[in-house]
Each structure stands twice: as structure tokens, then as C-alpha cells.
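Text of structure_8.cif, listed as mmCIF, C-alpha atoms:
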data_run
#
loop_
_atom_site.label_atom_id
_atom_site.label_comp_id
_atom_site.auth_asym_id
_atom_site.auth_seq_id
_atom_site.Cartn_x
_atom_site.Cartn_y
_atom_site.Cartn_z
CA MET A 1 64.78 64.90 79.88
CA THR A 2 64.69 66.33 76.38
CA ASN A 3 64.18 70.00 77.23
CA ARG A 4 64.46 72.42 80.11
CA PRO A 5 61.51 72.31 82.48
CA PRO A 6 59.29 75.38 82.41
CA VAL A 7 59.57 77.90 85.24
CA PHE A 8 55.82 77.68 85.93
CA LEU A 9 53.28 74.88 85.62
CA ASP A 10 49.64 75.92 85.94
CA ILE A 11 47.23 73.46 87.53
CA PRO A 12 44.01 72.98 85.54
CA ASN A 13 40.80 73.60 87.49
CA ARG A 14 42.79 75.08 90.41
CA PRO A 15 43.46 78.72 89.42
CA GLU A 16 44.60 79.53 92.97
CA LEU A 17 47.51 77.08 92.65
CA ARG A 18 50.64 77.24 90.54
CA LEU A 19 53.93 75.35 90.51
CA ARG A 20 57.20 77.31 90.28
CA LYS A 21 60.49 75.61 89.49
CA ALA A 22 62.78 75.42 92.53
CA ALA A 23 65.55 78.00 92.72
CA ARG A 24 68.72 78.37 94.78
CA SER A 25 67.20 81.48 96.37
CA ASP A 26 64.43 79.43 98.07
CA ALA A 27 66.41 78.57 101.24
CA PHE A 28 65.16 81.45 103.43
CA ALA A 29 61.50 80.85 102.51
CA LEU A 30 61.89 77.11 103.12
CA VAL A 31 63.43 77.65 106.56
CA LYS A 32 60.52 79.90 107.55
CA LEU A 33 57.93 77.41 106.27
CA VAL A 34 59.61 74.51 108.08
CA ALA A 35 59.93 76.54 111.31
CA ASP A 36 56.29 77.66 111.15
CA ASN A 37 55.14 74.08 110.50
CA ARG A 38 57.68 71.99 112.42
CA GLU A 39 55.13 70.00 114.44
CA HIS A 40 52.98 69.36 111.37
CA LEU A 41 56.02 68.26 109.33
CA LYS A 42 57.29 65.72 111.88
CA PRO A 43 56.36 62.78 109.61
CA GLN A 44 58.45 64.32 106.82
CA ILE A 45 61.85 62.70 106.91
CA TRP A 46 63.93 65.52 105.41
CA THR A 47 62.78 68.42 107.60
CA HIS A 48 63.95 67.18 111.03
CA ASP A 49 67.38 68.80 110.95
CA LEU A 50 66.62 71.99 109.04
CA ARG A 51 66.79 75.01 111.32
CA THR A 52 68.73 77.72 109.45
CA PRO A 53 69.32 78.75 105.82
CA LEU A 54 72.78 77.18 106.15
CA ASP A 55 71.08 73.84 106.91
CA VAL A 56 68.72 74.17 103.94
CA GLN A 57 71.03 75.62 101.29
CA PRO A 58 72.95 72.37 100.57
CA HIS A 59 69.64 70.55 100.06
CA VAL A 60 68.36 73.29 97.75
CA ASN A 61 71.66 73.39 95.82
CA HIS A 62 71.63 69.60 95.44
CA MET A 63 68.08 69.56 94.07
CA VAL A 64 68.70 72.45 91.66
CA ALA A 65 71.92 70.80 90.42
CA ASN A 66 69.99 67.56 89.85
CA MET A 67 67.34 69.50 87.93
CA GLU A 68 70.06 71.08 85.78
CA ALA A 69 71.49 67.59 85.16
CA GLY A 70 68.05 66.38 84.06
CA ASN A 71 67.39 63.76 86.76
CA CYS A 72 65.07 65.70 89.06
CA LEU A 73 62.04 67.98 88.83
CA GLN A 74 61.32 70.08 91.89
CA TYR A 75 58.60 72.71 92.08
CA ARG A 76 57.40 74.97 94.85
CA ILE A 77 53.64 74.95 95.31
CA LEU A 78 52.32 78.52 95.28
CA LYS A 79 48.87 79.54 96.44
CA GLY A 80 47.16 82.84 95.77
CA VAL A 81 45.52 84.73 92.93
CA GLU A 82 46.29 88.28 91.81
CA PRO A 83 46.12 90.81 93.37
CA VAL A 84 47.22 88.68 96.35
CA PHE A 85 50.87 87.76 95.99
CA PRO A 86 51.14 83.96 95.72
CA HIS A 87 52.92 82.39 98.67
CA MET A 88 54.71 79.06 99.00
CA VAL A 89 52.71 76.32 100.71
CA GLY A 90 54.88 73.31 99.88
CA THR A 91 57.02 71.42 97.43
CA VAL A 92 56.47 68.59 94.96
CA THR A 93 59.42 66.66 93.54
CA LEU A 94 60.25 63.87 91.14
CA HIS A 95 63.76 62.71 92.06
CA SER A 96 66.15 59.83 91.51
CA TYR A 97 65.10 59.64 87.86
CA SER A 98 66.55 56.57 86.16
CA PRO A 99 66.20 56.55 82.36
CA GLU A 100 67.44 52.93 82.30
CA ALA A 101 64.84 51.73 84.81
CA ARG A 102 62.31 54.28 83.47
CA GLN A 103 61.29 55.27 86.99
CA ALA A 104 61.44 58.18 89.41
CA TYR A 105 60.45 58.88 93.01
CA LEU A 106 57.67 61.31 93.92
CA GLY A 107 57.91 63.40 97.06
CA TYR A 108 55.85 66.27 98.45
CA TRP A 109 55.15 68.25 101.58
CA LEU A 110 52.70 70.98 102.53
CA THR A 111 52.22 73.59 105.20
CA GLU A 112 49.55 72.77 107.75
CA ASP A 113 47.09 75.35 106.39
CA ALA A 114 47.30 73.81 102.89
CA THR A 115 46.76 70.23 104.10
CA GLY A 116 43.47 68.46 103.48
CA LYS A 117 42.41 70.71 100.62
CA GLY A 118 43.53 68.64 97.63
CA VAL A 119 46.66 70.73 97.12
CA ALA A 120 49.17 67.84 97.24
CA SER A 121 46.95 65.72 94.98
CA ALA A 122 46.59 68.49 92.40
CA ALA A 123 50.29 69.43 92.48
CA SER A 124 51.44 65.80 92.28
CA ARG A 125 49.11 65.01 89.40
CA ARG A 126 50.27 68.11 87.48
CA LEU A 127 53.95 67.29 87.96
CA LEU A 128 53.35 63.67 86.94
CA GLU A 129 51.46 64.88 83.87
CA TYR A 130 54.36 67.10 82.84
CA ALA A 131 56.96 64.37 83.56
CA SER A 132 55.06 61.81 81.49
CA GLU A 133 55.53 64.15 78.51
CA ALA A 134 59.18 65.00 79.30
CA TRP A 135 60.46 61.62 80.54
CA ASP A 136 59.72 58.10 79.33
CA LEU A 137 58.55 56.73 82.68
CA GLU A 138 57.05 53.32 83.40
CA ARG A 139 56.97 53.51 87.19
CA ILE A 140 56.63 56.08 89.96
CA ASN A 141 57.77 55.20 93.47
CA LEU A 142 57.20 56.99 96.75
CA ASN A 143 59.25 56.64 99.95
CA ILE A 144 56.84 57.01 102.87
CA ALA A 145 57.96 57.10 106.49
CA PRO A 146 56.16 54.78 108.91
CA GLY A 147 53.20 56.56 110.49
CA ASN A 148 52.79 59.15 107.73
CA VAL A 149 49.11 58.35 107.22
CA ALA A 150 48.41 61.46 105.11
CA SER A 151 51.08 60.46 102.58
CA GLU A 152 49.77 56.90 102.52
CA ARG A 153 46.27 58.21 101.72
CA LEU A 154 47.59 60.48 98.98
CA ALA A 155 49.67 57.65 97.49
CA THR A 156 46.53 55.49 97.40
CA ARG A 157 44.53 58.29 95.70
CA LEU A 158 47.26 58.60 93.09
CA GLY A 159 47.02 54.86 92.38
CA ALA A 160 50.08 53.62 94.28
CA SER A 161 50.19 50.59 96.53
CA VAL A 162 52.66 49.58 99.21
CA THR A 163 55.38 47.09 98.22
CA ASP A 164 57.37 44.73 100.40
CA GLU A 165 60.45 46.83 99.77
CA VAL A 166 62.15 49.00 102.38
CA ASN A 167 64.46 51.88 101.57
CA TYR A 168 66.67 54.11 103.68
CA GLU A 169 66.46 57.89 103.15
CA ARG A 170 69.46 59.98 104.02
CA LEU A 171 68.60 63.08 106.03
CA PRO A 172 70.49 66.38 105.60
CA SER A 173 72.22 65.61 108.92
CA GLY A 174 73.65 62.40 107.48
CA ARG A 175 71.34 60.16 109.54
CA THR A 176 69.16 57.65 107.73
CA GLN A 177 65.54 56.68 108.26
CA GLU A 178 63.74 53.55 107.13
CA VAL A 179 60.83 54.13 104.73
CA ARG A 180 58.39 51.88 102.90
CA ILE A 181 58.31 52.01 99.11
CA TRP A 182 54.97 52.56 97.44
CA SER A 183 54.75 52.12 93.67
CA MET A 184 52.43 52.78 90.73
CA PRO A 185 52.56 52.72 86.95
CA ALA A 186 53.42 56.07 85.37
#

Exercise: express the given structure as C-alpha cells:
Amino acid sequence: MTNRPPVFLDIPNRPELRLRKAARSDAFALVKLVADNREHLKPQIWTHDLRTPLDVQPHVNHMVANMEAGNCLQYRILKGVEPVFPHMVGTVTLHSYSPEARQAYLGYWLTEDATGKGVASAASRRLLEYASEAWDLERINLNIAPGNVASERLATRLGASVTDEVNYERLPSGRTQEVRIWSMPA
């Protein structure tokens, strides 16, 4: 990445949505969102073992350190328009950036009340738009857990298709879970 990512990314045609760069101070808000949406987030591979801020903080620190190193972009999805204080409804991330392979992995999750309203599509498209300017990407990959139909539909809308490749995602607990790799041109 050639420059520091902006703190905020506005989403065209969606004035009620805004992306805010992830911060180390997000752990408490993330724990609350995961707790309030645990059943809804079951298909999400990383949320299974997150119950306290102490569980979440290493994940948050890791992502922020990767952003500072230039190989990750993680933004919180905020919803709300002044005078209502915007609140977090999810996260969108480009991670595992490889300048040599010119690829990165897209990940996202939403609260239940934000699902089915085009929020993940809009946030993902905006992050991909920014990354295409900041990084020289040829390919975007997505790791999708078996049975996560909503993520499969979003990946299809973004232009990705399933590959024959399987990957193993490491959970915060140290366990791994098999995922299918979806891929699309950047």
C-alpha cells in the first residue's frame, strides 16, 4: 500500500452508511455485537469463540497491526445519519494481501438487523474500490464456510465464483475450520 488508509470511507448513494477504519478500542463494541447476534453469526467462522473483550482484543490487535504493516484493510460498517449517532453494524476486511501474487481475501459480517438490506454489498464494493486504487490487485478471494448461503449469494453478486480449492481458517481459539475458496478478478 502506498499511503495510509483514510479513517473514513463514505459509500456513494448510501448516505446512511459509512466505513470507519478499525481501531484497537473496538473490542468492547465487537463483543457486544457478537453477543447480541450470536445465533445469526453462527455461519461466521471467527465469532464462535469470542465471548469477552479479552477474547476479542488479540484479534483486533492482530488486524490493526496488519493494517499498520500495509497488508490488511479493515473497516467497521457504521449506520446512522446525524443527528442519530452512527452505530456499528458489521465489519468488512481485505486481508492476507500478497503484493507478489497481487491478491487479497475479502471478509465481512453484519448484525442481523443490517442483513438483507444491501449493506454488505455496498460496504464490500466501497472497500474494493478503495483497494483497487491503493493496491495493485488482480484477484480477490473469499473464504466461505460450508452452509453460509448468505455469503455465497453476496460473493456471486460481487462477481466471484466457487473454486475447487479448500482452505483452513484458524479460529481465535486455535481450532481450524474448512472453508471453500471463492474467487473473482479485482

Exercise: stretch 81-91 of chain A partners within 12 Å, only C-alpha atoms, chain neighbours under 6 positions left out, as a PyMOL selection string
chain A and resi 10+14-23+26-34+36-37+41+44+60+63+73-75+106-115+117+119-124+127

Dump C-alpha atoms for the selected residues as an mmCIF file, in the frame of the given file?
data_model
loop_
_atom_site.group_PDB
_atom_site.id
_atom_site.type_symbol
_atom_site.label_atom_id
_atom_site.label_comp_id
_atom_site.auth_asym_id
_atom_site.auth_seq_id
_atom_site.Cartn_x
_atom_site.Cartn_y
_atom_site.Cartn_z
ATOM 1 C CA ASP A 10 49.640 75.920 85.940
ATOM 2 C CA ARG A 14 42.790 75.080 90.410
ATOM 3 C CA PRO A 15 43.460 78.720 89.420
ATOM 4 C CA GLU A 16 44.600 79.530 92.970
ATOM 5 C CA LEU A 17 47.510 77.080 92.650
ATOM 6 C CA ARG A 18 50.640 77.240 90.540
ATOM 7 C CA LEU A 19 53.930 75.350 90.510
ATOM 8 C CA ARG A 20 57.200 77.310 90.280
ATOM 9 C CA LYS A 21 60.490 75.610 89.490
ATOM 10 C CA ALA A 22 62.780 75.420 92.530
ATOM 11 C CA ALA A 23 65.550 78.000 92.720
ATOM 12 C CA ASP A 26 64.430 79.430 98.070
ATOM 13 C CA ALA A 27 66.410 78.570 101.240
ATOM 14 C CA PHE A 28 65.160 81.450 103.430
ATOM 15 C CA ALA A 29 61.500 80.850 102.510
ATOM 16 C CA LEU A 30 61.890 77.110 103.120
ATOM 17 C CA VAL A 31 63.430 77.650 106.560
ATOM 18 C CA LYS A 32 60.520 79.900 107.550
ATOM 19 C CA LEU A 33 57.930 77.410 106.270
ATOM 20 C CA VAL A 34 59.610 74.510 108.080
ATOM 21 C CA ASP A 36 56.290 77.660 111.150
ATOM 22 C CA ASN A 37 55.140 74.080 110.500
ATOM 23 C CA LEU A 41 56.020 68.260 109.330
ATOM 24 C CA GLN A 44 58.450 64.320 106.820
ATOM 25 C CA VAL A 60 68.360 73.290 97.750
ATOM 26 C CA MET A 63 68.080 69.560 94.070
ATOM 27 C CA LEU A 73 62.040 67.980 88.830
ATOM 28 C CA GLN A 74 61.320 70.080 91.890
ATOM 29 C CA TYR A 75 58.600 72.710 92.080
ATOM 30 C CA LEU A 106 57.670 61.310 93.920
ATOM 31 C CA GLY A 107 57.910 63.400 97.060
ATOM 32 C CA TYR A 108 55.850 66.270 98.450
ATOM 33 C CA TRP A 109 55.150 68.250 101.580
ATOM 34 C CA LEU A 110 52.700 70.980 102.530
ATOM 35 C CA THR A 111 52.220 73.590 105.200
ATOM 36 C CA GLU A 112 49.550 72.770 107.750
ATOM 37 C CA ASP A 113 47.090 75.350 106.390
ATOM 38 C CA ALA A 114 47.300 73.810 102.890
ATOM 39 C CA THR A 115 46.760 70.230 104.100
ATOM 40 C CA LYS A 117 42.410 70.710 100.620
ATOM 41 C CA VAL A 119 46.660 70.730 97.120
ATOM 42 C CA ALA A 120 49.170 67.840 97.240
ATOM 43 C CA SER A 121 46.950 65.720 94.980
ATOM 44 C CA ALA A 122 46.590 68.490 92.400
ATOM 45 C CA ALA A 123 50.290 69.430 92.480
ATOM 46 C CA SER A 124 51.440 65.800 92.280
ATOM 47 C CA LEU A 127 53.950 67.290 87.960
#

So how many Å separate atom CA of A:Ala35 and atom CA of A:Thr52, to one decimal?
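These two atoms are separated by 9.1 Å.
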
Step by step, work through what the PyMOL selection byres ((chain A and resi 167) around 8) selects in the shown file, and finish by giving those residues as a list of chain:residue names.
A:Asn143, A:Glu165, A:Val166, A:Tyr168, A:Glu169, A:Glu178, A:Val179, A:Arg180, A:Ile181

Given only C-alpha atoms as the counted atoms, nearest of A:Arg51, A:Arg38, A:Arg125, A:Arg24 to A:Ile140:
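So, comparing all the options, the nearest one is A:Arg125.
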
What is the distance, in Å and to one decimal place, between atom CA of A:Leu137 and atom CA of A:Gly70?
13.6 Å

If you count all atoms listed in the file, the residue of A:Pro185, A:Pro58, A:Pro6, A:Gly174 closest to A:Ala155 turns out to be A:Pro185

Taking all atoms listed in the file into account, which of A:His95, A:Arg76, A:Arg102, A:Lys42 comes nearest A:Ala145?
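Of A:His95, A:Arg76, A:Arg102, A:Lys42, the one nearest A:Ala145, counting all atoms listed in the file, is A:Lys42.
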
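Pairwise distance (atom CA of A:Ser151, atom CA of A:Val92) equals 12.4 Å.
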
Selection near A:Ala104, 9 Å with all atoms listed in the file, sequence-local residues under 2 positions removed, as a list in words
Asn71, Cys72, Leu94, His95, Ser96, Tyr97, Ser98, Pro99, Ala101, Arg102, Leu106, Leu137, Glu138, Arg139, Ile140, Asn141 and Leu142 of chain A

For each of A:Val149, A:Ile144, A:Ala65, A:Ile77, take the minimum atom-to-atom distance to A:Thr93, counting all atoms listed in the file, then give the residue where this is smallest.
A:Ile77
